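Okay, structure first, notes after.
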Amino acid sequence: MDNRGSVISAEIQGCIDCCIKLSGMPDLSLSFVNPRIFDDVSFHPCVRFRRWESERILSFVPPDGNFRLMSYHIGSQNMVAMPFYIRHDLSFSEVSGGKLEITVGPQVTMGKAVSRIHVL
């Protein structure tokens, strides 16, 4: 970030971990608001890769238990808005020397948070 708080460079390394406790063999789909921002993805073998390539939808029949559904990277060229803010204050004093304060907090970037989700 620069001295005005604008992002100079940013990237995200992330993953989606699942803990499945469903009966039967549910066929699940997961879509993203903007799936094209993912630079590099890696999927669990249960994901139908052809559907991801054609429609950018994660379609899968999950295994029971814990597993990593997806790992991903988002580079700075694809960043839209960070879901948090960072403020900094750098000061110097003859007596105490230098002092750097960094404040990080949540920031709403895309409207209302998702709520009341039902799995049918």
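Residues are referred to by chain and number: the chain letter is A, B, ... according to the order shown in the structure tokens, the number counts from 1 in that chain, and ligands are numbered separately from 1 in the order shown.
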Practice item. Write out as a PyMOL selection string the residues lying within 7 Å of A:Phe43, counting only C-alpha atoms and excluding same-chain residues fewer than 2 positions away. Key: chain A and resi 41+45+47+69-71
Review point. Please, which residues of chain A, numbered as in this document, come out alpha helix (DSSP H) from DSSP, as a ChimeraX atom specification?
Key: /A:49-55
Exercise for review: Going by DSSP on the backbone, which bits of chain A are strand (DSSP E or B)? Write them as an MDAnalysis selection string, please.
Suggested key: chainID A and resid 12:20 28:31 40:43 47 57:60 65:74 84:93 97:106
Review point. If we count only C-alpha atoms, what is near A:Leu90 at a cut-off of 12 Å, once residues fewer than 6 positions away on the same chain are taken out, given as a list in words?
Key: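 Answer for this query is Asn3, Gly97, Gly98, Lys99, Leu100, Glu101, Ile102 and Thr103 of chain A.
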Just-selected residues, C-alpha atoms written as a PDB file, in the first residue's frame:
ATOM      1  CA  ASN A   3       0.969   6.441   1.854  1.00  0.00           C
ATOM      2  CA  GLY A  97      12.531   6.898  18.323  1.00  0.00           C
ATOM      3  CA  GLY A  98      10.210   5.557  15.632  1.00  0.00           C
ATOM      4  CA  LYS A  99       6.720   4.147  16.049  1.00  0.00           C
ATOM      5  CA  LEU A 100       4.608   2.268  13.485  1.00  0.00           C
ATOM      6  CA  GLU A 101       0.931   1.567  14.148  1.00  0.00           C
ATOM      7  CA  ILE A 102      -1.000  -0.719  11.795  1.00  0.00           C
ATOM      8  CA  THR A 103      -4.775  -1.164  12.023  1.00  0.00           C
TER       9      THR A 103
END
Practice item. Within 9 Å of A:Cys19, counting only C-alpha atoms, which residues show up once you throw out same-chain ones fewer than 2 positions away? Write them as a ChimeraX atom specification, please. Key: /A:17,21,64-68
Could you take the residues named above and write them with N, CA and C atoms, as a PDB file, in the first residue's frame?
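To be explicit, this is the file written out as result07.pdb:
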ATOM      1  N   ASP A  17     -11.894 -25.699   1.969  1.00  0.00           N
ATOM      2  CA  ASP A  17     -11.880 -26.981   2.669  1.00  0.00           C
ATOM      3  C   ASP A  17     -13.303 -27.366   3.029  1.00  0.00           C
ATOM      4  N   LYS A  21     -20.916 -34.288   5.705  1.00  0.00           N
ATOM      5  CA  LYS A  21     -21.638 -35.272   6.522  1.00  0.00           C
ATOM      6  C   LYS A  21     -23.047 -35.432   5.955  1.00  0.00           C
ATOM      7  N   ASP A  64     -17.241 -38.438   1.671  1.00  0.00           N
ATOM      8  CA  ASP A  64     -17.542 -38.200   3.085  1.00  0.00           C
ATOM      9  C   ASP A  64     -16.298 -37.700   3.804  1.00  0.00           C
ATOM     10  N   GLY A  65     -16.517 -36.852   4.802  1.00  0.00           N
ATOM     11  CA  GLY A  65     -15.412 -36.397   5.642  1.00  0.00           C
ATOM     12  C   GLY A  65     -14.768 -35.109   5.174  1.00  0.00           C
ATOM     13  N   ASN A  66     -13.535 -34.916   5.627  1.00  0.00           N
ATOM     14  CA  ASN A  66     -12.787 -33.692   5.338  1.00  0.00           C
ATOM     15  C   ASN A  66     -11.962 -33.848   4.062  1.00  0.00           C
ATOM     16  N   PHE A  67     -11.978 -32.825   3.234  1.00  0.00           N
ATOM     17  CA  PHE A  67     -11.138 -32.806   2.039  1.00  0.00           C
ATOM     18  C   PHE A  67     -11.004 -31.374   1.534  1.00  0.00           C
ATOM     19  N   ARG A  68      -9.979 -31.132   0.741  1.00  0.00           N
ATOM     20  CA  ARG A  68      -9.759 -29.824   0.114  1.00  0.00           C
ATOM     21  C   ARG A  68     -10.401 -29.855  -1.262  1.00  0.00           C
TER      22      ARG A  68
END
Review point. Pick from A:Ile20, A:Ile74, A:Leu30, A:Ile8: nearest to A:Trp52, with only C-alpha atoms counted?
Key: A:Leu30
